[in-house]
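Visitor: Below you'll find run23.tsv; it's TSV, C-alpha atoms.
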```tsv
chain	number	residue	atom	x	y	z
A	1	MET	CA	0.00	0.00	0.00
A	2	LYS	CA	2.83	2.36	0.87
A	3	VAL	CA	4.54	1.55	-2.42
A	4	VAL	CA	1.38	2.51	-4.36
A	5	LEU	CA	1.12	5.74	-2.34
A	6	PHE	CA	4.76	6.63	-3.02
A	7	ILE	CA	4.32	5.93	-6.74
A	8	ALA	CA	1.19	8.10	-6.86
A	9	LEU	CA	2.97	10.92	-5.04
A	10	GLY	CA	5.91	10.55	-7.39
A	11	ILE	CA	3.67	10.80	-10.47
A	12	ILE	CA	1.90	13.87	-9.06
A	13	SER	CA	5.23	15.53	-8.24
A	14	PHE	CA	6.59	14.75	-11.70
A	15	CYS	CA	3.46	16.16	-13.37
A	16	GLY	CA	3.77	19.29	-11.25
A	17	PHE	CA	7.40	19.61	-12.30
A	18	LEU	CA	6.42	19.30	-15.96
A	19	LEU	CA	3.73	21.96	-15.56
A	20	THR	CA	6.28	24.43	-14.22
A	21	LEU	CA	8.30	23.92	-17.40
A	22	LEU	CA	5.47	24.27	-19.93
A	23	PRO	CA	6.75	26.72	-22.55
A	24	ALA	CA	4.94	30.01	-22.96
A	25	SER	CA	4.35	29.21	-26.63
A	26	ILE	CA	1.72	26.65	-25.57
A	27	PHE	CA	-0.24	29.33	-23.74
A	28	PHE	CA	-0.07	31.69	-26.72
A	29	ALA	CA	-1.26	28.92	-29.03
A	30	LEU	CA	-4.38	28.67	-26.87
A	31	LEU	CA	-5.18	32.38	-27.13
A	32	PRO	CA	-8.40	33.11	-29.04
A	33	GLN	CA	-7.91	33.71	-32.74
A	34	GLU	CA	-9.42	37.19	-32.29
A	35	VAL	CA	-6.44	38.13	-30.11
A	36	ARG	CA	-3.68	36.48	-32.12
A	37	ALA	CA	-4.98	37.84	-35.44
A	38	ALA	CA	-5.99	41.34	-34.27
A	39	LYS	CA	-5.43	43.80	-37.11
A	40	GLY	CA	-2.18	45.73	-36.73
A	41	LEU	CA	-1.07	43.74	-33.66
A	42	ILE	CA	2.22	41.83	-33.75
A	43	ILE	CA	3.03	39.43	-30.89
A	44	GLY	CA	6.65	38.31	-30.67
A	45	HIS	CA	7.94	34.83	-29.86
A	46	PRO	CA	7.27	34.22	-26.14
A	47	GLN	CA	10.12	33.30	-23.83
A	48	GLY	CA	9.94	31.45	-20.51
A	49	THR	CA	6.99	29.40	-19.25
A	50	ILE	CA	3.25	29.91	-18.90
A	51	TRP	CA	3.95	30.80	-15.26
A	52	SER	CA	6.66	33.38	-15.75
A	53	GLY	CA	7.99	34.79	-18.98
A	54	ASN	CA	8.07	37.61	-21.46
A	55	THR	CA	7.35	38.55	-25.04
A	56	THR	CA	7.04	41.65	-27.20
A	57	ILE	CA	3.97	43.29	-28.69
A	58	GLN	CA	3.56	46.10	-31.18
A	59	PHE	CA	0.45	47.82	-32.48
A	60	ARG	CA	1.01	49.52	-35.82
A	61	ASN	CA	3.58	52.32	-35.43
A	62	PHE	CA	3.42	52.48	-31.64
A	63	PRO	CA	6.89	51.57	-30.34
A	64	GLU	CA	7.47	47.94	-29.44
A	65	SER	CA	6.63	46.98	-25.86
A	66	SER	CA	8.18	44.33	-23.67
A	67	VAL	CA	5.54	42.35	-21.77
A	68	GLN	CA	6.52	40.40	-18.66
A	69	TRP	CA	4.06	38.15	-16.87
A	70	GLN	CA	3.93	36.32	-13.57
A	71	PHE	CA	1.21	33.77	-12.84
A	72	ASP	CA	-1.12	34.68	-9.97
A	73	GLU	CA	-3.97	32.16	-9.70
A	74	ILE	CA	-6.53	29.93	-11.39
A	75	SER	CA	-10.19	30.70	-10.77
A	76	ALA	CA	-13.48	29.31	-12.07
A	77	ASP	CA	-16.66	31.25	-12.81
A	78	ASP	CA	-19.64	29.11	-13.90
A	79	LEU	CA	-17.21	26.19	-14.24
A	80	THR	CA	-15.11	28.10	-16.80
A	81	PRO	CA	-11.46	28.17	-15.66
A	82	ALA	CA	-9.58	31.46	-15.96
A	83	ALA	CA	-5.90	32.22	-15.44
A	84	SER	CA	-4.79	35.47	-13.79
A	85	TYR	CA	-1.42	37.13	-14.25
A	86	ASN	CA	0.47	40.19	-13.11
A	87	LEU	CA	1.77	42.10	-16.12
A	88	ARG	CA	4.38	44.77	-16.68
A	89	ILE	CA	4.45	46.55	-20.04
A	90	THR	CA	7.45	48.73	-20.84
A	91	GLY	CA	8.80	50.54	-23.88
A	92	PRO	CA	10.93	53.52	-24.90
A	93	HIS	CA	8.69	56.06	-23.17
A	94	HIS	CA	5.96	54.04	-21.46
A	95	ASP	CA	5.75	51.92	-18.31
A	96	MET	CA	2.56	50.24	-17.06
A	97	THR	CA	1.44	47.44	-14.78
A	98	ALA	CA	-1.85	45.53	-14.75
A	99	GLU	CA	-3.71	42.47	-13.51
A	100	PHE	CA	-4.67	40.31	-16.50
A	101	THR	CA	-7.24	37.48	-16.56
A	102	ILE	CA	-8.11	35.33	-19.56
A	103	SER	CA	-10.46	32.41	-20.24
A	104	GLU	CA	-12.02	30.92	-23.34
A	105	LEU	CA	-14.99	33.28	-22.90
A	106	GLN	CA	-13.47	36.63	-22.05
A	107	LEU	CA	-10.43	38.72	-21.31
A	108	SER	CA	-10.20	41.30	-18.56
A	109	MET	CA	-7.58	43.75	-17.36
A	110	ASN	CA	-7.74	45.47	-13.97
A	111	GLN	CA	-5.69	48.03	-12.09
A	112	LEU	CA	-3.93	49.14	-15.26
A	113	GLN	CA	-1.78	52.09	-14.26
A	114	GLY	CA	1.35	53.83	-15.41
A	115	SER	CA	2.40	56.47	-17.90
A	116	ILE	CA	2.82	56.98	-21.66
A	117	HIS	CA	4.88	59.90	-22.94
A	118	ALA	CA	3.89	61.81	-26.05
A	119	ASN	CA	7.07	60.65	-27.78
A	120	ASP	CA	5.52	57.19	-28.08
A	121	ILE	CA	1.96	58.37	-28.74
A	122	ASN	CA	3.13	60.50	-31.66
A	123	GLN	CA	4.63	57.46	-33.37
A	124	LEU	CA	1.07	56.15	-33.70
A	125	SER	CA	-0.82	59.42	-34.25
A	126	ALA	CA	1.54	60.85	-36.88
A	127	GLU	CA	-0.17	58.93	-39.70
A	128	TYR	CA	-3.39	60.80	-38.89
A	129	GLY	CA	-1.72	64.20	-38.73
A	130	HIS	CA	-2.16	64.65	-34.97
A	131	ARG	CA	0.65	65.55	-32.56
A	132	PHE	CA	0.80	65.79	-28.78
A	133	SER	CA	3.18	66.82	-26.02
A	134	GLY	CA	3.54	65.96	-22.37
A	135	GLU	CA	2.65	62.69	-20.67
A	136	LEU	CA	-0.48	60.64	-20.06
A	137	VAL	CA	-0.94	59.03	-16.64
A	138	LEU	CA	-3.39	56.11	-16.38
A	139	LYS	CA	-5.10	55.40	-13.06
A	140	ARG	CA	-7.14	52.31	-12.11
A	141	VAL	CA	-8.12	51.46	-15.67
A	142	SER	CA	-10.15	48.27	-16.13
A	143	LEU	CA	-11.77	46.61	-19.13
A	144	THR	CA	-13.56	43.40	-20.03
A	145	THR	CA	-14.25	41.98	-23.47
A	146	ASP	CA	-15.74	38.75	-24.81
A	147	PHE	CA	-13.53	39.14	-27.92
A	148	GLY	CA	-16.50	40.44	-29.90
A	149	CYS	CA	-17.77	43.31	-27.75
A	150	LEU	CA	-16.27	45.62	-25.17
A	151	GLN	CA	-18.37	44.76	-22.14
A	152	SER	CA	-16.97	47.26	-19.66
A	153	LEU	CA	-14.40	50.04	-19.45
A	154	ALA	CA	-13.59	52.38	-16.57
A	155	GLY	CA	-10.73	54.44	-15.21
A	156	GLN	CA	-9.07	57.82	-15.30
A	157	ILE	CA	-6.49	59.48	-17.51
A	158	HIS	CA	-4.57	62.62	-16.61
A	159	TRP	CA	-2.56	64.74	-19.10
A	160	ASP	CA	-0.12	67.32	-17.78
A	161	GLY	CA	-0.91	69.87	-20.48
A	162	GLY	CA	1.00	71.42	-23.37
A	163	ALA	CA	0.67	71.73	-27.12
A	164	ILE	CA	-1.70	69.68	-29.30
A	165	LEU	CA	-1.97	69.69	-33.09
A	166	LEU	CA	-5.27	68.22	-34.39
A	167	ASN	CA	-5.61	67.63	-38.11
A	168	VAL	CA	-9.38	68.16	-38.11
A	169	ALA	CA	-9.56	71.29	-40.29
A	170	GLU	CA	-7.55	73.28	-42.81
A	171	PRO	CA	-5.22	74.53	-41.45
A	172	ALA	CA	-4.73	72.07	-38.59
A	173	LEU	CA	-6.02	73.13	-35.19
A	174	SER	CA	-3.13	74.11	-32.89
A	175	LEU	CA	-3.96	74.30	-29.17
A	176	GLU	CA	-1.97	75.17	-26.06
A	177	LEU	CA	-3.80	73.65	-23.10
A	178	PRO	CA	-3.53	73.34	-19.32
A	179	PRO	CA	-3.67	69.94	-17.56
A	180	ILE	CA	-6.74	67.90	-18.53
A	181	SER	CA	-8.44	64.89	-16.95
A	182	GLY	CA	-10.30	62.12	-18.76
A	183	LEU	CA	-12.89	59.55	-17.73
A	184	LEU	CA	-13.14	56.18	-19.50
A	185	ASP	CA	-16.49	54.45	-19.97
A	186	SER	CA	-18.30	52.09	-22.36
A	187	HIS	CA	-21.78	51.51	-23.79
A	188	ASP	CA	-23.12	49.35	-26.62
A	189	CYS	CA	-19.62	47.91	-27.18
A	190	ASN	CA	-18.22	51.45	-27.73
A	191	ALA	CA	-15.25	52.80	-25.79
A	192	SER	CA	-15.73	56.33	-24.50
A	193	LEU	CA	-13.28	58.98	-23.28
A	194	VAL	CA	-14.63	62.28	-21.95
A	195	LEU	CA	-12.04	65.03	-21.47
A	196	GLU	CA	-12.75	67.77	-18.99
A	197	ASN	CA	-11.29	70.74	-17.21
A	198	ARG	CA	-13.69	70.87	-14.32
A	199	PRO	CA	-16.42	71.83	-14.39
A	200	ASP	CA	-16.27	72.12	-18.20
A	201	LYS	CA	-16.63	69.27	-20.67
A	202	LEU	CA	-14.00	69.65	-23.41
A	203	MET	CA	-14.15	66.65	-25.74
A	204	ASP	CA	-16.12	63.42	-26.13
A	205	ILE	CA	-14.31	60.63	-27.97
A	206	GLN	CA	-16.17	57.45	-28.99
A	207	LEU	CA	-14.39	54.42	-30.46
A	208	LYS	CA	-16.82	52.05	-32.17
A	209	PRO	CA	-16.40	48.30	-32.83
A	210	THR	CA	-16.24	49.13	-36.55
A	211	GLY	CA	-12.93	50.93	-35.99
A	212	TRP	CA	-14.40	54.40	-36.48
A	213	VAL	CA	-13.69	57.08	-33.89
A	214	GLU	CA	-16.12	59.97	-33.42
A	215	VAL	CA	-14.88	63.15	-31.73
A	216	GLU	CA	-17.00	66.01	-30.44
A	217	ILE	CA	-15.26	69.25	-29.43
A	218	TYR	CA	-17.10	71.58	-27.07
A	219	PRO	CA	-16.93	75.41	-26.77
A	220	ALA	CA	-14.97	75.16	-23.51
A	221	MET	CA	-12.08	73.50	-25.39
A	222	LEU	CA	-11.76	76.40	-27.84
A	223	SER	CA	-12.19	78.91	-25.04
A	224	LEU	CA	-9.53	77.16	-22.94
A	225	ALA	CA	-7.14	77.35	-25.89
A	226	GLY	CA	-7.90	81.06	-26.40
A	227	LEU	CA	-9.49	80.49	-29.81
A	228	ALA	CA	-13.00	81.62	-28.89
A	229	GLU	CA	-14.94	83.49	-26.23
A	230	PRO	CA	-17.15	81.47	-23.90
A	231	GLY	CA	-20.64	81.14	-25.39
A	232	PRO	CA	-23.98	81.56	-23.64
A	233	ALA	CA	-24.66	79.12	-20.87
A	234	SER	CA	-27.39	77.46	-22.94
A	235	ASN	CA	-24.80	76.46	-25.55
A	236	GLU	CA	-22.15	75.16	-23.19
A	237	LEU	CA	-23.20	71.51	-23.60
A	238	LYS	CA	-23.46	71.54	-27.40
A	239	PRO	CA	-20.41	70.49	-29.45
A	240	VAL	CA	-19.16	73.03	-31.99
A	241	LEU	CA	-16.95	70.66	-33.99
A	242	LEU	CA	-17.53	67.03	-34.93
A	243	PHE	CA	-15.30	64.72	-36.96
A	244	GLU	CA	-15.03	61.00	-37.64
A	245	GLU	CA	-12.01	58.95	-38.62
A	246	LYS	CA	-11.32	55.30	-39.38
A	247	ILE	CA	-8.44	54.22	-37.15
A	248	LEU	CA	-8.82	50.42	-36.83
```
Would it be possible to restate this file's structure as structure tokens?
Guide:
Amino acid sequence: MKVVLFIALGIISFCGFLLTLLPASIFFALLPQEVRAAKGLIIGHPQGTIWSGNTTIQFRNFPESSVQWQFDEISADDLTPAASYNLRITGPHHDMTAEFTISELQLSMNQLQGSIHANDINQLSAEYGHRFSGELVLKRVSLTTDFGCLQSLAGQIHWDGGAILLNVAEPALSLELPPISGLLDSHDCNASLVLENRPDKLMDIQLKPTGWVEVEIYPAMLSLAGLAEPGPASNELKPVLLFEEKIL
């Protein structure tokens, strides 16, 4: 009986040892096709194991990021197992951390925080004729998606102010702005970012599942930039400029 017990324990220990050595490439092969084939996204060859490792990712012209992960736990919701990881994402001028959970049904990211400098943002925005300065700070950002629809999005973004060039008119709109805060939200699978300089609403940005982004610019934005006088109170909540652009 003891011999059988020792053999069983030996097999369990050996299987546990093998699990710790599972290459990260196995995990990436199990990622949903929607993630691995996302338009404009390049995922590098993963190094390490599914428990601890690293890879690189790049979206279009945004500078390449190094992604490091450390396994946290396995959980089950409605009998669907999900793996949770602690992530660190770093690049030339960006550094972020997050809690990442993935299952066959959905992907979620929580407590995403860190900073992205305009030097990296401009690598991506240059093809649209937009240019920024300063640094974005992300605070407590969270999102959930079922790979077909953005189910939830929340968090805050803070920009320390500076110059912005928006290619939304001829000539391009050049603004010099103070620090601005942004609130992230979602509805009907759309991602939403509302920029404000309290108590004024400045811009409303909507990213749709189709890849189109819709931007509404409010009078307070032009007033803040010194391009217009504040309008009557009754007009404060009406956008004065609207543009759409295909970005995905």
Visitor: Residues proximal to (-2.5, 54.9, -39.6) were defined as those with any atom within 10 Å of that point in the file's coordinates, counting all atoms listed in the file. Which are they, as a PyMOL selection string?
Guide: chain A and resi 40+60-61+123-129+246-248
Visitor: Restricting the output to C-alpha atoms, write the selected residues as a PDB file, in the frame of the given file.
Guide:
```
ATOM      1  CA  GLY A  40      -2.180  45.730 -36.730  1.00  0.00           C
ATOM      2  CA  ARG A  60       1.010  49.520 -35.820  1.00  0.00           C
ATOM      3  CA  ASN A  61       3.580  52.320 -35.430  1.00  0.00           C
ATOM      4  CA  GLN A 123       4.630  57.460 -33.370  1.00  0.00           C
ATOM      5  CA  LEU A 124       1.070  56.150 -33.700  1.00  0.00           C
ATOM      6  CA  SER A 125      -0.820  59.420 -34.250  1.00  0.00           C
ATOM      7  CA  ALA A 126       1.540  60.850 -36.880  1.00  0.00           C
ATOM      8  CA  GLU A 127      -0.170  58.930 -39.700  1.00  0.00           C
ATOM      9  CA  TYR A 128      -3.390  60.800 -38.890  1.00  0.00           C
ATOM     10  CA  GLY A 129      -1.720  64.200 -38.730  1.00  0.00           C
ATOM     11  CA  LYS A 246     -11.320  55.300 -39.380  1.00  0.00           C
ATOM     12  CA  ILE A 247      -8.440  54.220 -37.150  1.00  0.00           C
ATOM     13  CA  LEU A 248      -8.820  50.420 -36.830  1.00  0.00           C
TER      14      LEU A 248
END
```
Visitor: Between A:Gly226, A:Pro179, A:Pro219, A:Gly155, single out the one closest to A:Pro239, counting only C-alpha atoms.
Guide: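 Among the listed residues, A:Pro219 lies closest to A:Pro239.
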Visitor: Which is closest to A:Ile180 among A:Gly211, A:Pro46, A:Gly91, A:Gly134, if we use only C-alpha atoms?
Guide: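 Answer, going by the shortest atom-to-atom distance: A:Gly134.
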Visitor: What are the nearest atom pairs, with distances in Å to one decimal, for all residues of stretch 193-246 of chain A that come at most 12 Å from stretch 161-168 of chain A, using all atoms listed in the file, set out by chain and rising residue number as JSON lines?
Guide:
```
{"residue": "A:Asn197", "atom": "CA", "partner": "A:Gly161", "partner_atom": "CA", "distance": 10.9}
{"residue": "A:Glu214", "atom": "CA", "partner": "A:Val168", "partner_atom": "CA", "distance": 11.6}
{"residue": "A:Val215", "atom": "CA", "partner": "A:Val168", "partner_atom": "CA", "distance": 9.8}
{"residue": "A:Glu216", "atom": "CA", "partner": "A:Val168", "partner_atom": "CA", "distance": 11.0}
{"residue": "A:Ile217", "atom": "CA", "partner": "A:Val168", "partner_atom": "CA", "distance": 10.5}
{"residue": "A:Met221", "atom": "CA", "partner": "A:Ile164", "partner_atom": "CA", "distance": 11.7}
{"residue": "A:Leu224", "atom": "CA", "partner": "A:Gly161", "partner_atom": "CA", "distance": 11.6}
{"residue": "A:Ala225", "atom": "CA", "partner": "A:Ala163", "partner_atom": "CA", "distance": 9.7}
{"residue": "A:Leu241", "atom": "CA", "partner": "A:Val168", "partner_atom": "CA", "distance": 9.0}
{"residue": "A:Leu242", "atom": "CA", "partner": "A:Val168", "partner_atom": "CA", "distance": 8.8}
{"residue": "A:Phe243", "atom": "CA", "partner": "A:Val168", "partner_atom": "CA", "distance": 6.9}
{"residue": "A:Glu244", "atom": "CA", "partner": "A:Val168", "partner_atom": "CA", "distance": 9.1}
{"residue": "A:Glu245", "atom": "CA", "partner": "A:Val168", "partner_atom": "CA", "distance": 9.6}
```
Visitor: With all atoms listed in the file as the basis for distance, which of A:His187, A:Lys201, A:Arg88, A:His130 is at the shortest distance from A:Leu153?
Guide: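 Selected residue with least distance to A:Leu153: A:His187.
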Visitor: Can you measure atom CA of A:Leu175 to atom CA of A:Arg131 for me? One decimal in Å is fine.
Guide: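 About the pair atom CA of A:Leu175 and atom CA of A:Arg131: they are 10.5 Å apart.
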Visitor: Figure out the distance between atom CA of A:Leu105 and atom CA of A:Cys189, please, to one decimal in Å.
Guide: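 Pair atom CA of A:Cys189 / atom CA of A:Leu105 returns 15.9 Å.
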Visitor: List every protein, DNA or RNA residue that has at least one atom no more than 12 Å from (11.8, 39.7, -30.5) in the file's coordinates, counting all atoms listed in the file, and write the result as number ranges by chain.
Guide: A: 42-47, 54-58, 64-67
Visitor: Draw an axis-aligned box over all listed atoms of stretch 218-228 of chain A, pad each side with 8 Å, and write its centre and edge lengths in Å, one decimal, as JSON.
Guide:
```
{"center_x": -12.1, "center_y": 76.6, "center_z": -26.4, "size_x": 26.0, "size_y": 26.0, "size_z": 22.9}
```
Visitor: In Å, how far is it from atom CA of A:Asn122 to atom CA of A:Asn190?
Guide: 23.5 Å
Visitor: Which residues come within 7 Å of A:His117, counting only C-alpha atoms, excluding same-chain residues fewer than 4 positions away, as an MDAnalysis selection string?
Guide: chainID A and resid 93:94 121 134:136
Visitor: Write the residues of the selection above to a file with C-alpha atoms, as a short mmCIF file (atom, residue, chain, number, x, y, z; two decimals), in the frame of the given file.
Guide:
```cif
data_model
loop_
_atom_site.label_atom_id
_atom_site.label_comp_id
_atom_site.auth_asym_id
_atom_site.auth_seq_id
_atom_site.Cartn_x
_atom_site.Cartn_y
_atom_site.Cartn_z
CA HIS A 93 8.69 56.06 -23.17
CA HIS A 94 5.96 54.04 -21.46
CA ILE A 121 1.96 58.37 -28.74
CA GLY A 134 3.54 65.96 -22.37
CA GLU A 135 2.65 62.69 -20.67
CA LEU A 136 -0.48 60.64 -20.06
#
```
Visitor: Point out the residue among A:Leu202, A:Leu138, A:Leu207, A:Ile74 with the least atom-to-atom distance to A:Met96, counting all atoms listed in the file.
Guide: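 For A:Met96, the nearest of the candidates is A:Leu138.
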